[in-house]
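Structure file input-v4.cif with mmCIF, C-alpha atoms:
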```cif
data_structure
loop_
_atom_site.label_atom_id
_atom_site.label_comp_id
_atom_site.auth_asym_id
_atom_site.auth_seq_id
_atom_site.Cartn_x
_atom_site.Cartn_y
_atom_site.Cartn_z
CA MET Y 1 -133.74 -72.00 -81.93
CA PHE Y 2 -136.04 -72.79 -84.84
CA SER Y 3 -134.39 -76.14 -85.47
CA ILE Y 4 -134.75 -77.20 -81.83
CA LEU Y 5 -138.39 -76.17 -81.64
CA ALA Y 6 -139.22 -77.72 -85.02
CA ALA Y 7 -137.65 -80.98 -83.96
CA ALA Y 8 -139.59 -80.87 -80.71
CA LEU Y 9 -142.81 -80.35 -82.66
CA LEU Y 10 -142.02 -83.36 -84.80
CA GLY Y 11 -141.27 -85.30 -81.62
CA THR Y 12 -141.06 -89.05 -81.99
CA THR Y 13 -141.15 -88.90 -85.76
CA LEU Y 14 -137.38 -88.37 -85.70
CA ILE Y 15 -136.94 -91.46 -83.57
CA GLN Y 16 -139.35 -93.81 -85.31
CA GLY Y 17 -138.67 -92.86 -88.92
CA SER Y 18 -140.01 -95.49 -91.26
CA SER Y 19 -139.54 -98.37 -88.81
CA LEU Y 20 -142.50 -100.24 -87.44
CA VAL Y 21 -143.67 -99.06 -84.04
CA THR Y 22 -143.10 -101.64 -81.33
CA ARG Y 23 -146.24 -102.27 -79.31
CA ARG Y 24 -145.99 -103.58 -75.78
CA SER Y 25 -149.14 -104.86 -74.11
CA THR Y 26 -151.02 -102.57 -71.74
CA THR Y 27 -153.33 -103.38 -68.84
CA ALA Y 28 -156.56 -101.56 -68.03
CA LEU Y 29 -156.84 -100.32 -64.44
CA THR Y 30 -159.94 -101.24 -62.47
CA ARG Y 31 -162.29 -98.60 -61.08
CA SER Y 32 -160.91 -99.12 -57.56
CA GLN Y 33 -157.34 -98.73 -58.82
CA ILE Y 34 -158.25 -95.48 -60.61
CA ASP Y 35 -160.01 -94.12 -57.52
CA SER Y 36 -156.98 -94.93 -55.36
CA TYR Y 37 -155.05 -92.14 -57.12
CA THR Y 38 -157.62 -89.45 -56.28
CA PRO Y 39 -156.17 -88.38 -52.89
CA TYR Y 40 -152.78 -87.85 -54.54
CA THR Y 41 -154.38 -85.95 -57.42
CA TYR Y 42 -155.94 -83.50 -54.96
CA TYR Y 43 -152.56 -83.07 -53.26
CA ALA Y 44 -150.91 -82.30 -56.62
CA SER Y 45 -153.65 -79.80 -57.42
CA ALA Y 46 -153.44 -78.18 -53.98
CA ALA Y 47 -149.84 -77.18 -54.68
CA PHE Y 48 -151.20 -74.49 -57.03
CA CYS Y 49 -152.55 -72.73 -53.93
CA THR Y 50 -150.52 -70.18 -51.97
CA PRO Y 51 -148.30 -71.24 -49.05
CA ALA Y 52 -150.64 -69.41 -46.68
CA GLN Y 53 -153.58 -71.48 -47.94
CA THR Y 54 -151.81 -74.83 -47.76
CA LEU Y 55 -150.26 -74.13 -44.36
CA ALA Y 56 -153.75 -73.38 -43.01
CA TRP Y 57 -155.15 -76.23 -45.14
CA ASN Y 58 -157.84 -73.89 -46.39
CA CYS Y 59 -157.81 -74.20 -50.17
CA GLY Y 60 -161.32 -75.12 -51.19
CA THR Y 61 -162.04 -78.35 -53.05
CA ASN Y 62 -158.43 -79.48 -53.13
CA CYS Y 63 -158.08 -79.35 -49.35
CA ALA Y 64 -161.55 -80.80 -48.84
CA GLY Y 65 -160.43 -83.80 -50.87
CA ASN Y 66 -158.06 -84.73 -48.02
CA PRO Y 67 -159.77 -83.21 -44.97
CA THR Y 68 -157.59 -84.82 -42.28
CA PHE Y 69 -154.26 -83.63 -43.72
CA GLU Y 70 -151.93 -82.00 -41.20
CA PRO Y 71 -149.61 -79.41 -42.81
CA VAL Y 72 -146.05 -79.01 -41.53
CA ALA Y 73 -144.43 -76.46 -43.85
CA SER Y 74 -144.98 -74.61 -47.10
CA GLY Y 75 -143.05 -72.16 -49.25
CA GLY Y 76 -142.27 -70.67 -52.62
CA ASP Y 77 -143.50 -67.56 -54.39
CA SER Y 78 -144.86 -69.21 -57.58
CA TYR Y 79 -142.14 -67.54 -59.67
CA PRO Y 80 -139.22 -68.07 -59.72
CA VAL Y 81 -139.71 -70.59 -56.88
CA GLN Y 82 -142.64 -72.97 -57.34
CA TYR Y 83 -145.03 -73.28 -54.40
CA TRP Y 84 -144.53 -76.40 -52.29
CA PHE Y 85 -145.90 -77.93 -49.11
CA VAL Y 86 -145.14 -80.83 -46.76
CA GLY Y 87 -147.43 -82.48 -44.24
CA TYR Y 88 -148.87 -85.73 -42.94
CA ASP Y 89 -151.89 -87.74 -44.09
CA PRO Y 90 -153.15 -89.92 -41.21
CA ALA Y 91 -155.51 -91.87 -43.45
CA LEU Y 92 -152.62 -92.92 -45.71
CA ASN Y 93 -150.05 -92.85 -42.88
CA THR Y 94 -147.53 -91.04 -45.05
CA VAL Y 95 -145.73 -87.74 -45.29
CA ILE Y 96 -146.85 -85.83 -48.38
CA VAL Y 97 -144.52 -83.63 -50.46
CA SER Y 98 -146.15 -81.63 -53.24
CA HIS Y 99 -144.78 -79.12 -55.76
CA GLN Y 100 -146.74 -76.58 -57.79
CA GLY Y 101 -147.43 -77.41 -61.41
CA SER Y 102 -147.70 -75.19 -64.45
CA ASN Y 103 -149.84 -74.61 -67.50
CA PRO Y 104 -148.53 -75.39 -71.01
CA SER Y 105 -147.69 -71.76 -71.85
CA HIS Y 106 -145.31 -71.63 -68.88
CA ILE Y 107 -143.62 -75.01 -69.31
CA PHE Y 108 -143.28 -75.12 -73.11
CA PRO Y 109 -140.23 -72.80 -73.07
CA LEU Y 110 -138.56 -75.11 -70.55
CA VAL Y 111 -139.05 -78.22 -72.66
CA THR Y 112 -138.33 -76.78 -76.12
CA ASP Y 113 -135.73 -74.04 -75.57
CA ALA Y 114 -132.17 -74.69 -76.73
CA ASP Y 115 -130.88 -72.77 -73.70
CA PHE Y 116 -131.68 -75.82 -71.57
CA PHE Y 117 -129.61 -78.97 -71.80
CA LEU Y 118 -128.69 -82.24 -70.11
CA THR Y 119 -126.29 -81.82 -67.21
CA ASN Y 120 -125.03 -83.68 -64.15
CA LEU Y 121 -126.78 -83.32 -60.81
CA ASP Y 122 -125.11 -81.33 -58.02
CA SER Y 123 -122.86 -83.74 -56.09
CA THR Y 124 -123.62 -81.96 -52.81
CA LEU Y 125 -127.37 -82.51 -53.13
CA PHE Y 126 -126.99 -85.86 -54.89
CA PRO Y 127 -123.86 -87.52 -53.44
CA GLY Y 128 -122.62 -90.78 -54.89
CA LEU Y 129 -124.59 -90.77 -58.14
CA SER Y 130 -122.89 -91.88 -61.34
CA SER Y 131 -121.59 -89.11 -63.60
CA SER Y 132 -123.44 -90.82 -66.45
CA ILE Y 133 -126.74 -89.57 -64.96
CA GLU Y 134 -127.84 -86.31 -66.56
CA VAL Y 135 -131.00 -84.23 -66.19
CA HIS Y 136 -132.65 -81.17 -67.71
CA SER Y 137 -130.73 -78.10 -66.50
CA GLY Y 138 -133.87 -76.04 -65.88
CA PHE Y 139 -135.54 -78.75 -63.82
CA LYS Y 140 -132.31 -79.27 -61.89
CA ASP Y 141 -132.17 -75.57 -60.97
CA ALA Y 142 -135.85 -75.48 -59.97
CA GLN Y 143 -135.48 -78.46 -57.63
CA ALA Y 144 -132.31 -77.07 -56.05
CA LYS Y 145 -134.12 -73.88 -55.00
CA THR Y 146 -136.27 -75.74 -52.45
CA ALA Y 147 -134.33 -78.97 -51.82
CA THR Y 148 -132.94 -78.27 -48.36
CA GLU Y 149 -136.16 -76.65 -47.08
CA VAL Y 150 -138.20 -79.62 -48.27
CA LEU Y 151 -135.75 -82.08 -46.71
CA SER Y 152 -135.93 -80.29 -43.36
CA ALA Y 153 -139.74 -80.28 -43.45
CA VAL Y 154 -139.86 -83.98 -44.30
CA GLN Y 155 -137.46 -84.80 -41.45
CA THR Y 156 -139.70 -82.84 -39.08
CA ALA Y 157 -142.83 -84.62 -40.29
CA LEU Y 158 -141.29 -88.10 -40.08
CA SER Y 159 -140.23 -87.46 -36.51
CA LYS Y 160 -143.43 -85.73 -35.39
CA TYR Y 161 -145.79 -88.37 -36.75
CA SER Y 162 -143.60 -91.46 -36.23
CA THR Y 163 -144.01 -92.69 -39.77
CA THR Y 164 -141.47 -94.10 -42.20
CA SER Y 165 -143.42 -93.40 -45.41
CA VAL Y 166 -142.93 -90.47 -47.81
CA THR Y 167 -145.14 -89.86 -50.85
CA MET Y 168 -144.18 -87.22 -53.42
CA VAL Y 169 -146.62 -85.73 -55.92
CA GLY Y 170 -146.70 -83.00 -58.54
CA HIS Y 171 -148.09 -81.89 -61.87
CA SER Y 172 -146.17 -80.70 -64.96
CA LEU Y 173 -143.11 -78.71 -63.82
CA GLY Y 174 -144.07 -79.74 -60.30
CA ALA Y 175 -143.91 -83.39 -61.39
CA ALA Y 176 -140.41 -82.84 -62.77
CA ILE Y 177 -139.27 -81.24 -59.49
CA THR Y 178 -140.97 -84.04 -57.56
CA LEU Y 179 -139.17 -86.71 -59.58
CA LEU Y 180 -135.83 -85.08 -58.75
CA ASP Y 181 -136.91 -84.88 -55.08
CA SER Y 182 -137.61 -88.60 -55.31
CA VAL Y 183 -133.96 -89.20 -56.16
CA TYR Y 184 -132.71 -86.59 -53.68
CA LEU Y 185 -134.64 -87.37 -50.50
CA PRO Y 186 -133.68 -91.07 -50.16
CA LEU Y 187 -130.01 -90.05 -50.22
CA HIS Y 188 -130.52 -88.01 -47.02
CA LEU Y 189 -133.20 -89.84 -45.02
CA PRO Y 190 -132.81 -92.87 -42.72
CA ALA Y 191 -132.58 -96.39 -44.05
CA GLY Y 192 -135.98 -98.04 -43.76
CA THR Y 193 -137.86 -95.01 -45.07
CA THR Y 194 -140.17 -96.00 -47.92
CA PHE Y 195 -140.94 -93.76 -50.88
CA LYS Y 196 -143.62 -93.47 -53.56
CA THR Y 197 -143.91 -90.91 -56.36
CA ILE Y 198 -146.98 -89.98 -58.40
CA GLY Y 199 -146.65 -87.39 -61.15
CA TYR Y 200 -149.21 -85.95 -63.56
CA GLY Y 201 -148.34 -84.58 -67.00
CA LEU Y 202 -144.67 -85.33 -66.36
CA PRO Y 203 -142.21 -84.08 -69.01
CA ARG Y 204 -139.07 -86.07 -69.72
CA VAL Y 205 -136.54 -85.14 -67.03
CA GLY Y 206 -133.29 -86.95 -67.79
CA ASN Y 207 -131.25 -89.24 -70.00
CA GLN Y 208 -131.18 -93.02 -70.34
CA ALA Y 209 -128.95 -93.44 -67.28
CA PHE Y 210 -131.35 -91.31 -65.23
CA ALA Y 211 -134.37 -93.31 -66.40
CA ASN Y 212 -132.58 -96.55 -65.56
CA TYR Y 213 -131.69 -95.25 -62.09
CA VAL Y 214 -135.31 -94.26 -61.46
CA ASP Y 215 -136.54 -97.68 -62.57
CA ALA Y 216 -134.04 -99.45 -60.32
CA ASN Y 217 -134.51 -97.33 -57.21
CA LEU Y 218 -137.88 -95.56 -57.18
CA HIS Y 219 -141.56 -96.50 -57.07
CA LEU Y 220 -142.88 -94.12 -59.76
CA THR Y 221 -146.25 -93.72 -61.43
CA HIS Y 222 -146.69 -90.93 -64.00
CA VAL Y 223 -150.21 -90.31 -65.24
CA ASN Y 224 -150.72 -88.77 -68.69
CA ASN Y 225 -154.08 -87.42 -69.84
CA LYS Y 226 -155.27 -88.13 -73.37
CA GLU Y 227 -153.34 -86.00 -75.94
CA ASP Y 228 -151.35 -83.88 -73.49
CA PRO Y 229 -148.26 -82.55 -75.35
CA ILE Y 230 -146.00 -82.04 -72.30
CA PRO Y 231 -145.15 -85.71 -71.64
CA ILE Y 232 -143.64 -86.08 -75.14
CA CYS Y 233 -141.19 -83.21 -74.43
CA PRO Y 234 -138.27 -82.70 -74.43
CA GLY Y 235 -137.82 -84.94 -77.45
CA ARG Y 236 -136.03 -88.27 -77.37
CA PHE Y 237 -133.77 -87.02 -80.17
CA MET Y 238 -132.23 -84.72 -77.52
CA GLY Y 239 -131.29 -87.71 -75.35
CA PHE Y 240 -134.23 -87.57 -72.94
CA VAL Y 241 -135.96 -90.78 -71.82
CA HIS Y 242 -139.05 -91.39 -69.68
CA PRO Y 243 -138.71 -93.92 -66.86
CA ALA Y 244 -141.20 -96.75 -66.64
CA GLY Y 245 -144.45 -96.39 -64.70
CA GLU Y 246 -146.72 -94.63 -67.20
CA VAL Y 247 -150.48 -94.72 -66.82
CA HIS Y 248 -152.28 -93.21 -69.83
CA ILE Y 249 -155.86 -91.94 -69.69
CA GLU Y 250 -157.54 -92.84 -72.98
CA ASP Y 251 -160.18 -90.75 -74.76
CA SER Y 252 -162.65 -93.43 -73.68
CA GLY Y 253 -161.83 -92.76 -70.03
CA GLU Y 254 -159.97 -96.03 -69.59
CA TRP Y 255 -156.70 -95.84 -67.66
CA ALA Y 256 -154.02 -98.02 -69.28
CA ALA Y 257 -150.88 -99.14 -67.47
CA CYS Y 258 -148.05 -98.92 -70.01
CA PRO Y 259 -145.02 -101.11 -69.20
CA GLY Y 260 -141.46 -100.06 -69.97
CA GLN Y 261 -139.82 -96.78 -70.90
CA ASP Y 262 -141.52 -94.59 -73.55
CA ASN Y 263 -143.94 -97.33 -74.54
CA GLU Y 264 -144.84 -96.76 -78.20
CA SER Y 265 -148.22 -98.48 -78.09
CA THR Y 266 -151.02 -96.26 -79.39
CA GLU Y 267 -152.66 -96.81 -76.00
CA CYS Y 268 -149.74 -94.89 -74.41
CA ILE Y 269 -148.68 -91.26 -74.73
CA VAL Y 270 -145.77 -91.72 -77.18
CA GLY Y 271 -147.84 -93.74 -79.62
CA ASP Y 272 -151.02 -91.72 -79.15
CA VAL Y 273 -149.28 -88.33 -79.54
CA PRO Y 274 -146.42 -88.82 -82.04
CA ASN Y 275 -145.88 -85.05 -82.33
CA ILE Y 276 -147.22 -81.82 -80.90
CA PHE Y 277 -149.40 -81.18 -83.97
CA GLU Y 278 -151.53 -84.14 -82.84
CA SER Y 279 -151.74 -82.98 -79.21
CA ASN Y 280 -154.28 -80.96 -77.25
CA GLU Y 281 -152.96 -78.46 -74.68
CA SER Y 282 -156.27 -78.45 -72.82
CA ASP Y 283 -155.65 -82.07 -71.77
CA HIS Y 284 -152.63 -81.04 -69.68
CA ASP Y 285 -154.62 -79.87 -66.65
CA GLY Y 286 -156.96 -82.87 -66.71
CA PRO Y 287 -159.40 -83.99 -65.77
CA TYR Y 288 -157.69 -86.79 -63.87
CA ASN Y 289 -160.66 -88.89 -62.74
CA GLY Y 290 -162.69 -85.72 -62.39
CA VAL Y 291 -159.98 -83.51 -60.87
CA GLU Y 292 -158.74 -80.48 -62.82
CA MET Y 293 -155.35 -79.14 -61.76
CA GLY Y 294 -155.38 -75.64 -60.26
CA CYS Y 295 -156.42 -73.71 -57.17
#
```
Write out the structure in this file as structure tokens.
Amino acid sequence: MFSILAAALLGTTLIQGSSLVTRRSTTALTRSQIDSYTPYTYYASAAFCTPAQTLAWNCGTNCAGNPTFEPVASGGDSYPVQYWFVGYDPALNTVIVSHQGSNPSHIFPLVTDADFFLTNLDSTLFPGLSSSIEVHSGFKDAQAKTATEVLSAVQTALSKYSTTSVTMVGHSLGAAITLLDSVYLPLHLPAGTTFKTIGYGLPRVGNQAFANYVDANLHLTHVNNKEDPIPICPGRFMGFVHPAGEVHIEDSGEWAACPGQDNESTECIVGDVPNIFESNESDHDGPYNGVEMGC
């Protein structure tokens, strides 16, 4: 256990060694682009609230951030099943799927413990995927606990509101579950349905084949805040790889779009936080353009 955790603490040092870090150019987001994420940030934060609150859409600031949202279903008990909710946003004309996040003390064991490993996805939930695709066993189990309920709720919402758009959001562990939902749901919903995924503080979820599949088939953005340690875990030395789509919030407040997988520019999370010793747990919950995660 010590060797796994120690390696996780050293993080990218094991990958980079003495070689020069490759820097790929980043692009600063405009103020309007940054603000466009705010509705989704509130949805990710709202998933920390109880199912009763989200089903009534009565959860304080998070619900007030999207006042016209129409809830369809909610569930979970926080532990061992993360809260989740599904509904429709008429302003965005999309079905929203959101999964509860976690704080660093809860997710660190998942991303550093040797009891968790890369494994294939369940062929019943994920039919037709290549056996080369592997994901974190703990994240796989967490997603499976709510998969069929979420699918049923999304089907209901698509039919009720006559939309073909699904947007999935989540923070931390919720972002990991959401990313797996983003692979799962398109396999079971009608052709012509469009999908978008926005995660915050996303840990690495799968291997190179998984990251490549995500890049080829999903529309993913994962937002990392400053020196958050969670996005650099589990370590790349364990075979985990981040898909493309990173947006990194700099200390200056600038949001940088980081192209490619695990971009090693110092303007992106891997370059900015080479190991956990140089991270700051308090950055995990935000703020994300003024929004702190939590209910």
Got a sec: who's within 6 Å of Glu246 in chain Y, counting all atoms listed in the file, leaving out chain neighbours fewer than 4 positions off, as a ChimeraX atom specification?
/Y:221-223,258
Going by the chain IDs and residue numbers used in this file, which residues fall under the PyMOL selection byres ((chain Y and resi 26) around 7)? Write them as a VMD selection string.
chain Y and resid 24 to 25 27 to 28 256 to 259
For Leu187 in chain Y, which residue out of Y:Leu125, Y:Ala216, Y:Ala157, Y:Val247 is the nearest one, using all atoms listed in the file?
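Counting all atoms listed in the file, the residue closest to Leu187 in chain Y is Y:Leu125.
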For the PyMOL selection byres ((chain Y and resi 118) around 9), applied here, can you spell out every residue it catches as a PyMOL selection string?
chain Y and resi 116-117+119-120+134-137+205-207+238-240
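Using only C-alpha atoms, the smallest distance between any of Y:Asn66, Y:Ser172, Y:Gln155, Y:Asn217 and Phe48 in chain Y comes from Y:Ser172.
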Any chance you could resolve the PyMOL selection byres ((chain Y and resi 30) around 12) against this file and give the residues as a ChimeraX atom specification?
/Y:27-29,31-37,253-257
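Distances here use only C-alpha atoms; by that measure, the residue among Y:Gln100, Y:Thr167, Y:Asn280, Y:Asn275 closest to Pro39 in chain Y is Y:Thr167.
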Å distance separating CA of Val214 in chain Y from CA of Ala244 in chain Y, one decimal place:
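The value is 8.2 Å.
The gap separating CA of Ala191 in chain Y from CA of Lys160 in chain Y is 17.5 Å, in Å to one decimal.
Interatomic distance, CA of Ser265 in chain Y to CA of Phe237 in chain Y: 18.6 Å.
Near Lys145 in chain Y, within 10 Å and counting only C-alpha atoms, sit Y:Gly76, Y:Pro80, Y:Val81, Y:Gln82, Y:Lys140, Y:Val150; same-chain residues fewer than 5 positions away were not included.
With only C-alpha atoms as the atoms that count, the minimum distance from Leu121 in chain Y to the choices Y:Cys63, Y:Ile198, Y:Val183, Y:Val72 is reached by Y:Val183.
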The residue from Y:Tyr200, Y:Tyr79, Y:Tyr40, Y:Phe210 with the smallest atom-to-atom distance to Val97 in chain Y, counting only C-alpha atoms, is Y:Tyr40
Pick from Y:Ile232, Y:Asn225, Y:Asn289, Y:Tyr42 nearest to Phe277 in chain Y, counting all atoms listed in the file
Y:Ile232
List as a PyMOL selection string the protein and nucleic acid residues near Thr68 in chain Y, meaning an atom at most 9 Å away when all atoms listed in the file are counted, but skip any in the same chain fewer than 4 places from it.
chain Y and resi 63-64+88-91
Residues as selected, C-alpha atoms, written as a tab-separated table (two decimals), in the coordinates of the input, can you do that?
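Generated output (selection_30.tsv):
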```tsv
chain	number	residue	atom	x	y	z
Y	63	CYS	CA	-158.08	-79.35	-49.35
Y	64	ALA	CA	-161.55	-80.80	-48.84
Y	88	TYR	CA	-148.87	-85.73	-42.94
Y	89	ASP	CA	-151.89	-87.74	-44.09
Y	90	PRO	CA	-153.15	-89.92	-41.21
Y	91	ALA	CA	-155.51	-91.87	-43.45
```
Need to verify the contact set: Thr194 in chain Y, 9 Å, only C-alpha atoms, exclusion of same-chain residues closer than 5 positions in sequence. Can you return it as an NGL selection string?
:Y and (164-167 or 186)
Residues near Asp228 in chain Y, anyone? I mean within 8 Å using all atoms listed in the file, not counting same-chain ones fewer than 6 positions away, as an MDAnalysis selection string.
chainID Y and resid 201 269 273 279:284
Padding 3 Å on every side, please: axis-aligned box over the listed atoms of range 288-292 of chain Y, centre and edge lengths to one decimal in Å, as JSON.
```
{"center_x": -160.2, "center_y": -84.7, "center_z": -62.4, "size_x": 11.0, "size_y": 14.4, "size_z": 9.0}
```
